[in-house]
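Structure data follow from model-v6.tsv (TSV, C-alpha atoms and all ligand atoms):
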chain	number	residue	atom	x	y	z
N	1	MET	CA	20.91	21.58	-11.98
N	2	GLU	CA	20.66	18.17	-10.33
N	3	LYS	CA	23.47	15.66	-10.78
N	4	VAL	CA	21.16	12.65	-10.32
N	5	VAL	CA	17.39	12.56	-10.52
N	6	ILE	CA	15.73	9.30	-9.57
N	7	ILE	CA	12.25	8.70	-10.92
N	8	GLY	CA	10.45	6.48	-8.43
N	9	SER	CA	10.63	5.87	-4.68
N	10	GLY	CA	10.31	2.08	-4.42
N	11	CYS	CA	13.04	-0.42	-3.52
N	12	ALA	CA	15.02	0.40	-6.66
N	13	GLY	CA	14.68	4.17	-6.34
N	14	TRP	CA	15.64	4.46	-2.67
N	15	THR	CA	18.55	2.04	-3.03
N	16	ALA	CA	19.85	4.06	-5.97
N	17	ALA	CA	19.41	7.14	-3.76
N	18	LEU	CA	21.36	5.56	-0.90
N	19	TYR	CA	24.33	4.74	-3.11
N	20	THR	CA	24.40	8.03	-5.01
N	21	ALA	CA	23.96	9.96	-1.74
N	22	ARG	CA	26.91	8.15	-0.19
N	23	ALA	CA	28.90	9.15	-3.30
N	24	ASN	CA	28.10	12.81	-2.42
N	25	LEU	CA	25.82	13.32	-5.42
N	26	ARG	CA	22.80	14.59	-3.38
N	27	PRO	CA	20.24	12.73	-5.50
N	28	LEU	CA	16.71	14.05	-5.92
N	29	VAL	CA	14.07	11.31	-5.63
N	30	LEU	CA	10.77	12.04	-7.36
N	31	THR	CA	8.29	9.92	-5.45
N	32	GLY	CA	5.48	9.61	-7.98
N	33	LYS	CA	1.92	8.98	-6.85
N	34	GLN	CA	2.97	6.05	-4.68
N	35	PRO	CA	5.71	7.13	-2.26
N	36	GLY	CA	7.59	4.01	-1.15
N	37	GLY	CA	6.36	2.05	-4.16
N	38	LEU	CA	4.44	-1.21	-4.37
N	39	LEU	CA	5.78	-2.73	-1.18
N	40	THR	CA	3.86	-0.16	0.89
N	41	THR	CA	0.67	-1.93	-0.19
N	42	THR	CA	1.53	-5.14	1.61
N	43	THR	CA	1.49	-5.86	5.32
N	44	ILE	CA	4.10	-8.54	5.80
N	45	VAL	CA	7.28	-9.10	3.77
N	46	GLU	CA	8.86	-12.39	4.76
N	47	ASN	CA	11.58	-12.73	2.13
N	48	TYR	CA	13.57	-9.52	2.47
N	49	PRO	CA	16.96	-10.55	3.89
N	50	GLY	CA	17.82	-9.24	7.34
N	51	PHE	CA	14.33	-9.49	8.83
N	52	PRO	CA	13.98	-13.02	10.24
N	53	GLU	CA	10.53	-12.25	11.72
N	54	GLY	CA	9.33	-10.50	8.58
N	55	VAL	CA	8.71	-6.77	8.25
N	56	ASP	CA	5.74	-4.57	7.41
N	57	GLY	CA	6.10	-3.31	3.81
N	58	TYR	CA	5.42	0.32	4.75
N	59	GLU	CA	7.92	0.18	7.59
N	60	LEU	CA	10.58	-1.33	5.34
N	61	MET	CA	10.20	1.44	2.80
N	62	THR	CA	10.29	4.11	5.49
N	63	ARG	CA	13.61	2.63	6.60
N	64	PHE	CA	14.90	2.67	2.99
N	65	GLN	CA	14.05	6.37	2.77
N	66	LYS	CA	15.53	7.32	6.15
N	67	GLN	CA	18.76	5.52	5.37
N	68	ALA	CA	19.19	7.36	2.05
N	69	GLU	CA	18.19	10.73	3.56
N	70	ARG	CA	20.80	10.29	6.28
N	71	PHE	CA	23.45	10.66	3.56
N	72	GLY	CA	21.84	13.63	1.79
N	73	ALA	CA	19.19	12.18	-0.57
N	74	ARG	CA	16.17	14.46	-1.01
N	75	ALA	CA	12.59	13.44	-1.71
N	76	ARG	CA	10.19	15.53	-3.74
N	77	PHE	CA	6.56	14.48	-3.91
N	78	GLY	CA	5.67	14.70	-7.55
N	79	GLU	CA	5.08	12.84	-10.77
N	80	VAL	CA	7.12	13.20	-13.93
N	81	GLN	CA	4.78	13.97	-16.81
N	82	ASN	CA	7.35	14.53	-19.52
N	83	VAL	CA	11.03	14.07	-20.24
N	84	ASP	CA	13.21	15.66	-22.88
N	85	LEU	CA	16.27	13.46	-23.29
N	86	LYS	CA	17.65	15.28	-26.34
N	87	GLU	CA	18.71	18.25	-24.24
N	88	ASP	CA	21.88	18.43	-22.15
N	89	PRO	CA	21.10	18.65	-19.26
N	90	PHE	CA	17.98	16.49	-19.52
N	91	LEU	CA	14.69	18.24	-18.84
N	92	LEU	CA	11.93	16.71	-16.75
N	93	THR	CA	8.49	18.19	-16.22
N	94	VAL	CA	7.34	17.51	-12.67
N	95	ASP	CA	3.84	18.68	-11.89
N	96	GLY	CA	4.26	21.55	-14.34
N	97	GLU	CA	7.76	22.61	-13.20
N	98	THR	CA	11.02	21.92	-15.04
N	99	VAL	CA	13.84	20.00	-13.36
N	100	GLN	CA	17.26	19.79	-15.04
N	101	ALA	CA	19.36	16.68	-14.58
N	102	GLU	CA	22.80	15.51	-15.64
N	103	THR	CA	21.78	11.88	-15.16
N	104	ILE	CA	18.48	10.13	-14.64
N	105	ILE	CA	17.78	6.79	-13.01
N	106	ILE	CA	14.41	5.41	-14.08
N	107	ALA	CA	12.96	3.32	-11.24
N	108	SER	CA	9.27	3.72	-12.01
N	109	GLY	CA	8.20	0.11	-11.39
N	110	ALA	CA	5.41	-1.93	-12.96
N	111	GLY	CA	1.79	-2.22	-11.94
N	112	HIS	CA	-0.14	-5.46	-12.18
N	113	ARG	CA	-3.28	-5.92	-14.20
N	114	HIS	CA	-6.43	-6.28	-12.16
N	115	LEU	CA	-9.52	-8.30	-12.92
N	116	GLY	CA	-11.48	-5.12	-12.32
N	117	LEU	CA	-13.91	-6.59	-9.80
N	118	GLU	CA	-15.09	-4.66	-6.76
N	119	SER	CA	-14.73	-7.79	-4.61
N	120	GLU	CA	-11.12	-8.18	-5.85
N	121	HIS	CA	-10.33	-4.67	-4.66
N	122	LYS	CA	-12.03	-5.18	-1.29
N	123	LEU	CA	-10.27	-8.49	-0.59
N	124	GLU	CA	-6.77	-7.44	-1.72
N	125	ASN	CA	-4.29	-8.60	0.95
N	126	LYS	CA	-7.10	-10.62	2.54
N	127	GLY	CA	-6.61	-13.60	0.26
N	128	VAL	CA	-6.37	-11.82	-3.10
N	129	THR	CA	-2.78	-11.35	-4.23
N	130	TYR	CA	-0.71	-10.75	-7.35
N	131	CYS	CA	2.51	-12.55	-6.41
N	132	ALA	CA	2.85	-16.21	-5.44
N	133	THR	CA	6.56	-15.87	-4.64
N	134	CYS	CA	5.70	-13.06	-2.23
N	135	ASP	CA	2.64	-14.51	-0.53
N	136	GLY	CA	2.32	-18.21	-1.38
N	137	ALA	CA	4.05	-19.42	1.78
N	138	LEU	CA	1.78	-17.46	4.15
N	139	PRO	CA	-0.02	-19.70	6.69
N	140	LEU	CA	-3.36	-18.54	5.31
N	141	PHE	CA	-2.80	-20.53	2.11
N	142	ARG	CA	-1.25	-23.72	3.52
N	143	ASN	CA	-3.07	-26.95	2.63
N	144	GLN	CA	-5.99	-24.94	1.24
N	145	PRO	CA	-7.51	-24.94	-2.25
N	146	LEU	CA	-6.14	-22.00	-4.25
N	147	VAL	CA	-7.09	-20.30	-7.51
N	148	VAL	CA	-4.73	-18.84	-10.10
N	149	VAL	CA	-6.28	-16.65	-12.79
N	150	GLY	CA	-4.46	-16.47	-16.13
N	151	GLY	CA	-3.07	-18.62	-18.89
N	152	GLY	CA	0.41	-17.31	-19.69
N	153	ASP	CA	3.86	-18.29	-18.49
N	154	SER	CA	3.48	-16.26	-15.29
N	155	ALA	CA	0.18	-17.95	-14.42
N	156	CYS	CA	1.76	-21.39	-14.96
N	157	GLU	CA	4.78	-20.47	-12.87
N	158	GLU	CA	2.57	-19.13	-10.08
N	159	ALA	CA	0.45	-22.29	-10.17
N	160	MET	CA	3.51	-24.56	-10.09
N	161	TYR	CA	4.96	-22.64	-7.16
N	162	LEU	CA	1.70	-22.80	-5.24
N	163	THR	CA	1.52	-26.60	-5.50
N	164	ARG	CA	4.08	-26.61	-2.65
N	165	PHE	CA	1.59	-25.01	-0.31
N	166	GLY	CA	-2.00	-25.48	-1.50
N	167	SER	CA	-4.01	-28.70	-1.42
N	168	VAL	CA	-5.10	-28.10	-5.02
N	169	VAL	CA	-4.54	-25.23	-7.48
N	170	HIS	CA	-7.35	-24.35	-9.88
N	171	LEU	CA	-6.02	-22.60	-12.96
N	172	VAL	CA	-8.85	-20.48	-14.37
N	173	HIS	CA	-8.35	-19.43	-17.97
N	174	ARG	CA	-10.61	-17.73	-20.51
N	175	ARG	CA	-9.69	-20.11	-23.35
N	176	ASP	CA	-9.42	-23.86	-23.81
N	177	THR	CA	-5.64	-23.84	-24.22
N	178	LEU	CA	-2.92	-22.03	-22.30
N	179	ARG	CA	-1.07	-19.09	-23.85
N	180	ALA	CA	2.09	-20.15	-22.01
N	181	SER	CA	5.12	-21.60	-23.78
N	182	LYS	CA	4.70	-25.29	-24.63
N	183	ILE	CA	7.12	-26.48	-21.98
N	184	MET	CA	5.53	-24.40	-19.19
N	185	ALA	CA	2.02	-25.43	-20.23
N	186	GLU	CA	2.94	-29.11	-20.30
N	187	ARG	CA	4.65	-28.92	-16.94
N	188	ALA	CA	1.66	-27.20	-15.34
N	189	LEU	CA	-0.99	-29.40	-16.87
N	190	SER	CA	0.80	-32.63	-15.98
N	191	HIS	CA	1.04	-31.66	-12.30
N	192	GLN	CA	-1.43	-33.66	-10.28
N	193	LYS	CA	-2.33	-30.74	-8.01
N	194	ILE	CA	-3.13	-28.33	-10.87
N	195	LYS	CA	-6.69	-28.49	-12.19
N	196	PRO	CA	-7.44	-26.35	-15.25
N	197	VAL	CA	-10.81	-24.60	-15.44
N	198	TRP	CA	-11.15	-23.85	-19.16
N	199	ASP	CA	-13.20	-21.21	-21.00
N	200	SER	CA	-13.92	-19.49	-17.74
N	201	ALA	CA	-13.72	-16.09	-16.09
N	202	VAL	CA	-13.91	-15.13	-12.44
N	203	THR	CA	-16.95	-12.88	-12.01
N	204	GLU	CA	-16.80	-12.40	-8.24
N	205	ILE	CA	-14.48	-13.18	-5.35
N	206	LEU	CA	-16.25	-14.38	-2.23
N	207	ASP	CA	-16.78	-13.36	0.49
N	208	VAL	CA	-16.68	-9.62	1.07
N	209	GLY	CA	-19.18	-10.05	3.92
N	210	GLN	CA	-16.72	-12.24	5.84
N	211	ASP	CA	-13.76	-9.97	4.91
N	212	LYS	CA	-11.74	-12.94	3.61
N	213	VAL	CA	-11.53	-15.15	0.54
N	214	THR	CA	-13.72	-18.24	0.73
N	215	GLY	CA	-14.17	-18.93	-2.99
N	216	VAL	CA	-14.66	-17.54	-6.47
N	217	ARG	CA	-17.71	-17.36	-8.69
N	218	VAL	CA	-16.68	-18.64	-12.11
N	219	LYS	CA	-18.60	-18.21	-15.34
N	220	ASN	CA	-18.17	-20.63	-18.23
N	221	LEU	CA	-17.91	-18.31	-21.23
N	222	LYS	CA	-19.25	-20.93	-23.65
N	223	THR	CA	-22.30	-22.05	-21.69
N	224	ASP	CA	-22.86	-18.96	-19.50
N	225	THR	CA	-23.28	-21.21	-16.46
N	226	GLU	CA	-21.87	-20.07	-13.13
N	227	THR	CA	-20.33	-22.21	-10.42
N	228	VAL	CA	-18.58	-21.51	-7.13
N	229	LEU	CA	-15.07	-22.85	-6.50
N	230	PRO	CA	-14.21	-22.84	-2.79
N	231	CYS	CA	-10.68	-21.54	-2.11
N	232	ALA	CA	-8.65	-19.60	0.46
N	233	GLY	CA	-6.59	-17.58	-1.97
N	234	VAL	CA	-6.84	-16.00	-5.42
N	235	PHE	CA	-3.61	-15.29	-7.28
N	236	VAL	CA	-4.24	-12.93	-10.20
N	237	ALA	CA	-1.60	-13.51	-12.90
N	238	ILE	CA	-2.90	-11.73	-15.96
N	239	GLY	CA	0.11	-9.54	-16.62
N	240	HIS	CA	1.96	-6.41	-15.61
N	241	ILE	CA	2.13	-2.90	-17.03
N	242	PRO	CA	5.53	-1.20	-16.67
N	243	ASN	CA	5.24	2.51	-15.77
N	244	THR	CA	7.29	3.57	-18.76
N	245	GLN	CA	4.78	5.30	-21.05
N	246	ILE	CA	6.49	8.71	-20.70
N	247	PHE	CA	9.71	7.28	-22.17
N	248	ARG	CA	8.12	5.68	-25.22
N	249	GLY	CA	9.92	6.60	-28.43
N	250	MET	CA	13.02	7.76	-26.53
N	251	ILE	CA	14.15	4.76	-24.48
N	252	ASP	CA	14.34	1.27	-25.99
N	253	MET	CA	11.70	-1.04	-24.57
N	254	ASP	CA	10.08	-4.34	-25.49
N	255	GLU	CA	6.54	-4.75	-26.78
N	256	ALA	CA	5.14	-4.88	-23.23
N	257	GLY	CA	6.91	-1.65	-22.24
N	258	TYR	CA	9.77	-3.11	-20.17
N	259	ILE	CA	12.91	-1.03	-20.65
N	260	ILE	CA	15.78	-2.92	-22.30
N	261	PRO	CA	19.14	-2.02	-20.75
N	262	LYS	CA	22.15	-2.04	-23.07
N	263	ARG	CA	25.08	-2.68	-20.79
N	264	GLY	CA	24.61	-3.09	-17.06
N	265	THR	CA	21.84	-0.62	-16.26
N	266	ALA	CA	22.64	1.84	-19.07
N	267	THR	CA	19.86	2.54	-21.56
N	268	ASN	CA	20.24	3.56	-25.20
N	269	VAL	CA	20.49	7.21	-24.04
N	270	PRO	CA	23.89	7.97	-22.42
N	271	GLY	CA	23.32	9.31	-18.90
N	272	VAL	CA	19.95	7.56	-18.45
N	273	PHE	CA	19.98	4.39	-16.35
N	274	VAL	CA	17.24	1.99	-15.33
N	275	ALA	CA	16.56	-0.16	-12.27
N	276	GLY	CA	13.88	-2.38	-10.80
N	277	ASP	CA	10.63	-3.82	-12.01
N	278	CYS	CA	10.26	-1.41	-14.96
N	279	ALA	CA	13.13	-3.34	-16.61
N	280	ASP	CA	12.47	-6.78	-15.14
N	281	ARG	CA	9.80	-9.02	-16.56
N	282	VAL	CA	11.14	-12.10	-14.79
N	283	TYR	CA	11.92	-11.68	-11.07
N	284	ARG	CA	9.99	-8.62	-9.83
N	285	GLN	CA	11.09	-8.90	-6.20
N	286	ALA	CA	11.99	-6.26	-3.64
N	287	VAL	CA	15.52	-7.57	-3.26
N	288	THR	CA	16.19	-7.77	-7.00
N	289	ALA	CA	14.82	-4.24	-7.47
N	290	ALA	CA	17.07	-3.01	-4.65
N	291	GLY	CA	20.05	-4.80	-6.22
N	292	LEU	CA	19.41	-3.16	-9.56
N	293	GLY	CA	19.04	0.22	-7.82
N	294	CYS	CA	22.52	-0.25	-6.41
N	295	ALA	CA	23.88	-1.18	-9.85
N	296	ALA	CA	22.26	1.84	-11.53
N	297	ALA	CA	23.69	4.17	-8.89
N	298	ILE	CA	27.20	2.84	-9.44
N	299	ASP	CA	26.78	3.14	-13.23
N	300	ALA	CA	25.49	6.73	-12.91
N	301	GLU	CA	28.32	7.70	-10.58
N	302	ARG	CA	30.94	6.31	-12.99
N	303	TYR	CA	29.27	8.04	-15.93
N	304	LEU	CA	29.39	11.38	-14.08
N	305	ALA	CA	33.01	10.85	-13.06
N	306	ALA	CA	34.05	10.17	-16.68
N	307	ARG	CA	31.98	13.09	-18.02
N	308	ASN	CA	33.41	15.60	-15.55
N	309	GLU	CA	37.04	14.44	-15.83
U	401	LIG	C1	0.83	-6.67	-2.75
U	401	LIG	C2	2.29	-6.89	-3.08
U	401	LIG	C3	3.07	-7.65	-2.24
U	401	LIG	C4	4.41	-7.85	-2.52
U	401	LIG	N1	5.15	-8.59	-1.65
U	401	LIG	C5	6.44	-8.79	-1.89
U	401	LIG	C6	7.24	-9.56	-1.00
U	401	LIG	O1	6.74	-10.06	0.01
U	401	LIG	N2	8.54	-9.72	-1.31
U	401	LIG	C7	9.12	-9.19	-2.44
U	401	LIG	O2	10.31	-9.36	-2.64
U	401	LIG	N3	8.39	-8.48	-3.31
U	401	LIG	C8	7.07	-8.26	-3.07
U	401	LIG	N4	6.32	-7.56	-3.96
U	401	LIG	C9	6.97	-7.06	-5.18
U	401	LIG	C10	7.73	-5.75	-4.86
U	401	LIG	O3	6.84	-4.84	-4.26
U	401	LIG	C11	8.31	-5.15	-6.13
U	401	LIG	O4	9.13	-6.11	-6.78
U	401	LIG	C12	9.14	-3.91	-5.82
U	401	LIG	O5	8.35	-2.96	-5.14
U	401	LIG	C13	9.70	-3.29	-7.09
U	401	LIG	O6	10.38	-2.12	-6.74
U	401	LIG	P1	10.58	-0.95	-7.78
U	401	LIG	O7	11.34	0.09	-7.05
U	401	LIG	O8	11.13	-1.46	-9.05
U	401	LIG	O9	9.12	-0.42	-8.16
U	401	LIG	P2	7.88	0.06	-7.28
U	401	LIG	O10	7.94	-0.42	-5.89
U	401	LIG	O11	6.70	-0.29	-8.10
U	401	LIG	O12	8.05	1.64	-7.25
U	401	LIG	C14	7.83	2.42	-8.38
U	401	LIG	C15	7.91	3.88	-7.99
U	401	LIG	O13	7.88	4.68	-9.16
U	401	LIG	C16	7.03	5.77	-8.94
U	401	LIG	N5	6.61	6.29	-10.25
U	401	LIG	C17	5.94	5.64	-11.25
U	401	LIG	N6	5.74	6.47	-12.28
U	401	LIG	C18	6.31	7.67	-11.94
U	401	LIG	C19	6.43	8.94	-12.58
U	401	LIG	N7	5.92	9.18	-13.79
U	401	LIG	N8	7.07	9.94	-11.92
U	401	LIG	C20	7.60	9.73	-10.67
U	401	LIG	N9	7.52	8.55	-10.03
U	401	LIG	C21	6.87	7.54	-10.66
U	401	LIG	C22	5.92	5.22	-8.05
U	401	LIG	O14	5.22	6.27	-7.37
U	401	LIG	C23	6.76	4.35	-7.11
U	401	LIG	O15	7.25	5.14	-6.06
U	401	LIG	C24	4.98	-7.32	-3.70
U	401	LIG	C25	4.18	-6.57	-4.57
U	401	LIG	C26	2.86	-6.35	-4.27
U	401	LIG	C27	2.02	-5.54	-5.20
Spit out the file's structure as structure tokens when you get a sec.
Amino acid sequence: MEKVVIIGSGCAGWTAALYTARANLRPLVLTGKQPGGLLTTTTIVENYPGFPEGVDGYELMTRFQKQAERFGARARFGEVQNVDLKEDPFLLTVDGETVQAETIIIASGAGHRHLGLESEHKLENKGVTYCATCDGALPLFRNQPLVVVGGGDSACEEAMYLTRFGSVVHLVHRRDTLRASKIMAERALSHQKIKPVWDSAVTEILDVGQDKVTGVRVKNLKTDTETVLPCAGVFVAIGHIPNTQIFRGMIDMDEAGYIIPKRGTATNVPGVFVAGDCADRVYRQAVTAAGLGCAAAIDAERYLAARNE
């Protein structure tokens, strides 16, 4: 039986592994389909403390893993399909096999919604991004026209943030009013650099041929007319999907699927803790995920100490 099983191998998972490993708990990290998590999909991370020149996302996550393994953490490539949290120990089904665990740290992250365009996929990290805080300050976007797609609070926040860098920020939204809270919508729409593009959807990101973003093709959904908006960057802000489906009905979560911790990182099930983007609809940063991984590890360690007293 495992003392600590960590579901997910991103910033939260490997930080939880580092702390529980240093507490001699020999954690088992289940990597999921994306070993190293979301950060491995980006080339340069400029806002992780300790790397003044920036660091490649894949390299950073390899370092996270090595550091935790040095103290006895173990990685197992595999995805959890099922959990039974009524049993003691908990039972997890990992690629058809059962793993028993005294405690579980859920660090399964959150994916972002895509527009679903082939050109979006091909130009990801070449001007198409899903995080203004992460990428907005890159030289590529400075003093250039930018496009934000979406109409909720996140889209407004991304657009506001990008006004510091872009020459103009086009906010493309499917409707003629924003879904964002009144205060966010007012703030965004009154900013002189933010230009709303109402009733419109992006149908193509240009230019795959040049291997970089030069503009977007936008269709007005009321008139069916198409226009091209020149831009150097497209920030897709149409929502996130927490990877928490397997816990539905067992672990408390909000309507979007973000896990709601009770106290610290504890969930409604004693012995199950949560860390990182799967419980964070606000910050979603590498350093906050790592911080929560640390907190979950400390909570799990204290839980085990009290249980085995
Ligand atoms: C392109 C891009 C660039 C980014 N750039 C930056 C940046 O510059 N700075 C910054 O601070 N943040 C950046 N971020 C955000 C950052 O990557 C996330 O905030 C961070 O990775 C969250 O860490 P996490 O551990 O919570 O989740 P994730 O990194 O998403 O990891 C989730 C883990 O859970 C695993 N998993 C999921 N389901 C299961 C399952 N059923 N069983 C087992 N494992 C499972 C996955 O395989 C993965 O290993 C960027 C994100 C993207 C997409």
- Query: Which neighbours of range 38-49 of chain N fall inside 8 Å, counting only C-alpha atoms, when residues of the same chain fewer than 2 positions from it are skipped, and could you give them as a list in words?
  - Reply: Gly10, Cys11, Gln34, Gly36, Phe51, Pro52, Glu53, Gly54, Val55, Asp56, Gly57, Tyr58, Glu59, Met61, Asn125, Cys134, Ala286 and Val287 of chain N
- For ligand LIG 401 (chain U), which of N:Ala300, N:Ile241, N:Ala180, N:Val147 is the closest residue, counting only C-alpha atoms and all ligand atoms? N:Ile241
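Remark: for ligand LIG 401 (chain U), the closest of the candidate residues N:Ala295, N:Cys156, N:Val80, N:Ile260 is N:Val80 (distances computed over all atoms listed in the file).
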- Task: Write out as a ChimeraX atom specification the residues lying within 12 Å of range 3-5 of chain N, counting all atoms listed in the file and excluding same-chain residues fewer than 4 positions away.
- Result: /N:9,13-14,16-21,23-31,73-76,80,83,88-94,99-107,271-274,296-305,307-308
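CA of Arg175 in chain N lies 8.7 Å from CA of Leu221 in chain N.
Pairwise distance (CA of Val218 in chain N, atom C3 of ligand LIG 401 (chain U)) equals 24.7 Å.
Note that CA of Glu157 in chain N and CA of Ala201 in chain N are 19.3 Å apart.
Closest to Val202 in chain N among N:Arg174, N:Arg187, N:Lys182, N:His112 is N:Arg174, based on all atoms listed in the file.
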Skipping near chain neighbours, those fewer than 5 positions away, what residues fall within 9 Å of Cys278 in chain N using only C-alpha atoms, listed as a JSON list (two decimals) with C-alpha atoms, keeping the file's coordinate frame?
[["chain", "number", "residue", "atom", "x", "y", "z"],
["N", 106, "ILE", "CA", 14.41, 5.41, -14.08],
["N", 107, "ALA", "CA", 12.96, 3.32, -11.24],
["N", 108, "SER", "CA", 9.27, 3.72, -12.01],
["N", 109, "GLY", "CA", 8.20, 0.11, -11.39],
["N", 110, "ALA", "CA", 5.41, -1.93, -12.96],
["N", 241, "ILE", "CA", 2.13, -2.90, -17.03],
["N", 242, "PRO", "CA", 5.53, -1.20, -16.67],
["N", 243, "ASN", "CA", 5.24, 2.51, -15.77],
["N", 244, "THR", "CA", 7.29, 3.57, -18.76],
["N", 257, "GLY", "CA", 6.91, -1.65, -22.24],
["N", 258, "TYR", "CA", 9.77, -3.11, -20.17],
["N", 259, "ILE", "CA", 12.91, -1.03, -20.65],
["N", 284, "ARG", "CA", 9.99, -8.62, -9.83]]
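Of the listed residues (N:Ala155, N:Val172, N:Val128, N:Ala188), N:Val128 comes nearest to ligand LIG 401 (chain U); the distances count all atoms listed in the file.
Nearest to Gln65 in chain N of all the residues N:Gly96, N:Gly37, N:Gly151, N:Gly276 is N:Gly37, based on all atoms listed in the file.
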Listed atoms of range 161-174 of chain N, axis-aligned box, 6 Å per side: centre and edge lengths to one decimal in Å, as lines of an AutoDock Vina configuration file?
center_x = -2.8
center_y = -23.2
center_z = -10.4
size_x = 27.6
size_y = 23.0
size_z = 32.2
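Residue nearest ligand LIG 401 (chain U) within the list N:Leu85, N:Ala256, N:Ala68, N:Leu138: N:Leu138 [criterion: smallest interatomic distance, all atoms listed in the file].
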